[in-house]
Structure formats: structure tokens, C-alpha cells
Amino acid sequence: QVQLVESGGGLVQAGGSLRLSCAASGSIFSINTMGWYRQAPGKQRERVARITSGGYTNYADSVKGRFTISRDNAKNTVYLQMNSLKPEDTAVYYCNAEVVGGSSWGQGTQVTVSS
């Protein structure tokens with residue numbers, strides 16, 4: 001099993017920045033792709049960004065050019081740098097790890113962007 005713990009959420013004004021972190025523990029050797037998802041009130045969870053074990057990244061159109069996902073394999077940690085934040089980025093952000101046979105989720109961290 002893989003355990004994921006997110007941190008770094010909070011309240012920020014529009015135009016500001018936040019960096020989310022997700023620390024993985026447990027069966028980390030089984031992790032392939034890691035990613036960040038978010039879920040706003042009344043909406044479905046959506047993928048924000050993902051990064052493969054080889055460093056390939058992709059992003060949702062809504063965050064391209066503003067968010068950057070990165071991965072420190074030595075620390076078993078994935079980051080999401082979020083710049084130029086907008087009120088519509090407000091959501092609970094979840095870390096996800098794709099492992100053989102399934103996936104693991106963190107508990108989520110709240111990001112609130114005020115206008």
C-alpha cells in the first residue's frame with residue numbers, strides 16, 4: 001500500500017501563489033504516475049496535472065501556463081506550484097499515485113482563492 005499526505009493548501013488572494021506537496025510512503029516502489037486532482041463544491045473531481053516516473057507531464061487546459069508539477073524521487077514527494085491563482089481554482093486538491101492494480105489517494109488539502 002501507498003500512503004499519501006498532502007500539505008501546503010490555504011487561503012490566497014487572486015493572482016497569488018501556493019505550492020502543494022505530497023509525500024508518499026509505504027510501497028513506493030510500486031508507484032508509476034503521480035498526479036494532482038481537485039474537486040470544487042458541487043462539481044466532479046477533475047485531473048489537474050500528472051507526472052510519470054520518467055518525468056513526462058501533462059496539464060488540464062485550465063491550468064496550463066500557471067501550474068507546474070514536479071517530482072523529487074529521492075524524497076518520494078510530488079509538488080504542484082500554482083501561480084496566478086484565480087477564484088475558480090478554489091477546491092480541495094488531492095494527490096494521487098497510480099500503482100500496479102489500482103491507485104492511492106491522499107486526504108486532500110483545501111485551496112481557497114479570494115477575489
# chains A, B, ... in the order shown; residues from 1 in each chain; ligands from 1
$ select_by_dssp --residues "range 2-99 of chain A" --states "strand (DSSP E)" --output "VMD selection string"
chain A and resid 2 to 7 10 to 13 18 to 26 31 to 39 46 to 51 57 to 59 67 to 72 77 to 82 91 to 99
$ residues_around --residues "Ser62 in chain A" --least-positions-apart "4" --cutoff "10 Å" --atoms "only C-alpha atoms" --output "list in words"
Val48, Arg66, Phe67, Glu88 and Asp89 of chain A
$ closest_residue --among "A:Gln3, A:Gln13, A:Ser84, A:Asn58" --to "Ser25 in chain A" --atoms "only C-alpha atoms"
A:Gln3
$ residues_around --residues "range 27-42 of chain A" --least-positions-apart "5" --cutoff "7 Å" --atoms "only C-alpha atoms" --output "PDB file with N, CA, C and O atoms, in the first residue's frame"
ATOM      1  N   GLN A   1       0.837  -1.201   0.000  1.00  0.00           N
ATOM      2  CA  GLN A   1       0.000   0.000   0.000  1.00  0.00           C
ATOM      3  C   GLN A   1       0.861   1.236   0.000  1.00  0.00           C
ATOM      4  O   GLN A   1       2.000   1.232   0.464  1.00  0.00           O
ATOM      5  N   VAL A   2       0.293   2.288  -0.558  1.00  0.00           N
ATOM      6  CA  VAL A   2       0.969   3.584  -0.596  1.00  0.00           C
ATOM      7  C   VAL A   2       0.143   4.575   0.200  1.00  0.00           C
ATOM      8  O   VAL A   2      -1.067   4.668   0.021  1.00  0.00           O
ATOM      9  N   ARG A  47      -8.855  16.017 -13.050  1.00  0.00           N
ATOM     10  CA  ARG A  47      -7.405  15.939 -13.005  1.00  0.00           C
ATOM     11  C   ARG A  47      -6.823  17.299 -13.362  1.00  0.00           C
ATOM     12  O   ARG A  47      -7.231  17.919 -14.347  1.00  0.00           O
ATOM     13  N   VAL A  48      -5.842  17.703 -12.592  1.00  0.00           N
ATOM     14  CA  VAL A  48      -5.175  18.987 -12.805  1.00  0.00           C
ATOM     15  C   VAL A  48      -3.856  18.790 -13.536  1.00  0.00           C
ATOM     16  O   VAL A  48      -3.565  19.483 -14.519  1.00  0.00           O
ATOM     17  N   ALA A  49      -3.047  17.851 -13.056  1.00  0.00           N
ATOM     18  CA  ALA A  49      -1.732  17.630 -13.643  1.00  0.00           C
ATOM     19  C   ALA A  49      -1.253  16.245 -13.240  1.00  0.00           C
ATOM     20  O   ALA A  49      -1.664  15.713 -12.214  1.00  0.00           O
ATOM     21  N   ARG A  50      -0.384  15.699 -14.082  1.00  0.00           N
ATOM     22  CA  ARG A  50       0.191  14.408 -13.744  1.00  0.00           C
ATOM     23  C   ARG A  50       1.621  14.353 -14.236  1.00  0.00           C
ATOM     24  O   ARG A  50       2.003  15.080 -15.163  1.00  0.00           O
ATOM     25  N   ILE A  51       2.416  13.484 -13.600  1.00  0.00           N
ATOM     26  CA  ILE A  51       3.815  13.337 -13.969  1.00  0.00           C
ATOM     27  C   ILE A  51       4.169  11.862 -13.870  1.00  0.00           C
ATOM     28  O   ILE A  51       3.864  11.196 -12.881  1.00  0.00           O
ATOM     29  N   THR A  52       4.815  11.355 -14.915  1.00  0.00           N
ATOM     30  CA  THR A  52       5.196   9.946 -14.928  1.00  0.00           C
ATOM     31  C   THR A  52       6.513   9.743 -14.181  1.00  0.00           C
ATOM     32  O   THR A  52       7.203  10.712 -13.828  1.00  0.00           O
ATOM     33  N   SER A  53       6.877   8.510 -13.994  1.00  0.00           N
ATOM     34  CA  SER A  53       8.132   8.209 -13.318  1.00  0.00           C
ATOM     35  C   SER A  53       9.318   8.712 -14.127  1.00  0.00           C
ATOM     36  O   SER A  53      10.385   8.993 -13.579  1.00  0.00           O
ATOM     37  N   THR A  90     -10.392  27.527  -6.640  1.00  0.00           N
ATOM     38  CA  THR A  90     -10.798  27.110  -5.304  1.00  0.00           C
ATOM     39  C   THR A  90     -11.365  25.693  -5.331  1.00  0.00           C
ATOM     40  O   THR A  90     -12.282  25.389  -6.112  1.00  0.00           O
ATOM     41  N   ALA A  91     -10.800  24.823  -4.500  1.00  0.00           N
ATOM     42  CA  ALA A  91     -11.209  23.419  -4.480  1.00  0.00           C
ATOM     43  C   ALA A  91     -10.414  22.694  -3.402  1.00  0.00           C
ATOM     44  O   ALA A  91      -9.458  23.248  -2.841  1.00  0.00           O
ATOM     45  N   VAL A  92     -10.809  21.463  -3.155  1.00  0.00           N
ATOM     46  CA  VAL A  92      -9.961  20.552  -2.386  1.00  0.00           C
ATOM     47  C   VAL A  92      -9.060  19.844  -3.390  1.00  0.00           C
ATOM     48  O   VAL A  92      -9.552  19.294  -4.382  1.00  0.00           O
ATOM     49  N   TYR A  93      -7.771  19.899  -3.125  1.00  0.00           N
ATOM     50  CA  TYR A  93      -6.791  19.299  -4.022  1.00  0.00           C
ATOM     51  C   TYR A  93      -6.328  17.969  -3.438  1.00  0.00           C
ATOM     52  O   TYR A  93      -5.944  17.896  -2.261  1.00  0.00           O
ATOM     53  N   TYR A  94      -6.339  16.945  -4.283  1.00  0.00           N
ATOM     54  CA  TYR A  94      -5.982  15.597  -3.870  1.00  0.00           C
ATOM     55  C   TYR A  94      -4.764  15.114  -4.647  1.00  0.00           C
ATOM     56  O   TYR A  94      -4.679  15.311  -5.861  1.00  0.00           O
ATOM     57  N   CYS A  95      -3.880  14.447  -3.942  1.00  0.00           N
ATOM     58  CA  CYS A  95      -2.749  13.780  -4.557  1.00  0.00           C
ATOM     59  C   CYS A  95      -3.152  12.356  -4.901  1.00  0.00           C
ATOM     60  O   CYS A  95      -3.896  11.710  -4.145  1.00  0.00           O
ATOM     61  N   ASN A  96      -2.664  11.877  -6.031  1.00  0.00           N
ATOM     62  CA  ASN A  96      -2.968  10.528  -6.482  1.00  0.00           C
ATOM     63  C   ASN A  96      -1.702   9.836  -6.941  1.00  0.00           C
ATOM     64  O   ASN A  96      -0.839  10.453  -7.566  1.00  0.00           O
ATOM     65  N   ALA A  97      -1.601   8.555  -6.623  1.00  0.00           N
ATOM     66  CA  ALA A  97      -0.480   7.743  -7.084  1.00  0.00           C
ATOM     67  C   ALA A  97      -1.045   6.510  -7.780  1.00  0.00           C
ATOM     68  O   ALA A  97      -1.855   5.779  -7.192  1.00  0.00           O
ATOM     69  N   GLU A  98      -0.637   6.326  -9.010  1.00  0.00           N
ATOM     70  CA  GLU A  98      -1.052   5.137  -9.753  1.00  0.00           C
ATOM     71  C   GLU A  98      -0.059   4.016  -9.460  1.00  0.00           C
ATOM     72  O   GLU A  98       1.138   4.178  -9.658  1.00  0.00           O
ATOM     73  N   VAL A  99      -0.586   2.915  -8.971  1.00  0.00           N
ATOM     74  CA  VAL A  99       0.246   1.769  -8.640  1.00  0.00           C
ATOM     75  C   VAL A  99      -0.295   0.564  -9.402  1.00  0.00           C
ATOM     76  O   VAL A  99      -1.387   0.619  -9.972  1.00  0.00           O
ATOM     77  N   VAL A 100       0.479  -0.505  -9.411  1.00  0.00           N
ATOM     78  CA  VAL A 100       0.040  -1.716 -10.094  1.00  0.00           C
ATOM     79  C   VAL A 100      -1.250  -2.213  -9.463  1.00  0.00           C
ATOM     80  O   VAL A 100      -1.326  -2.423  -8.265  1.00  0.00           O
TER      81      VAL A 100
END
$ closest_residue --among "A:Ser70, A:Lys86, A:Arg19, A:Arg45" --to "Val113 in chain A" --atoms "only C-alpha atoms"
A:Lys86
$ atom_distance --atom1 "CA of Leu20 in chain A" --atom2 "CA of Gly101 in chain A"
26.2 Å
$ atom_distance --atom1 "CA of Gln107 in chain A" --atom2 "CA of Glu6 in chain A"
7.1 Å
$ atom_distance --atom1 "CA of Val111 in chain A" --atom2 "CA of Ala14 in chain A"
11.6 Å
$ closest_residue --among "A:Ser115, A:Asn76, A:Thr68, A:Ser103" --to "Cys22 in chain A" --atoms "only C-alpha atoms"
A:Asn76
$ closest_residue --among "A:Leu18, A:Gly9, A:Ala23, A:Trp105" --to "Asp72 in chain A" --atoms "only C-alpha atoms"
A:Ala23
$ closest_residue --among "A:Leu4, A:Ser21, A:Gly55, A:Gly15" --to "Leu80 in chain A" --atoms "only C-alpha atoms"
A:Ser21
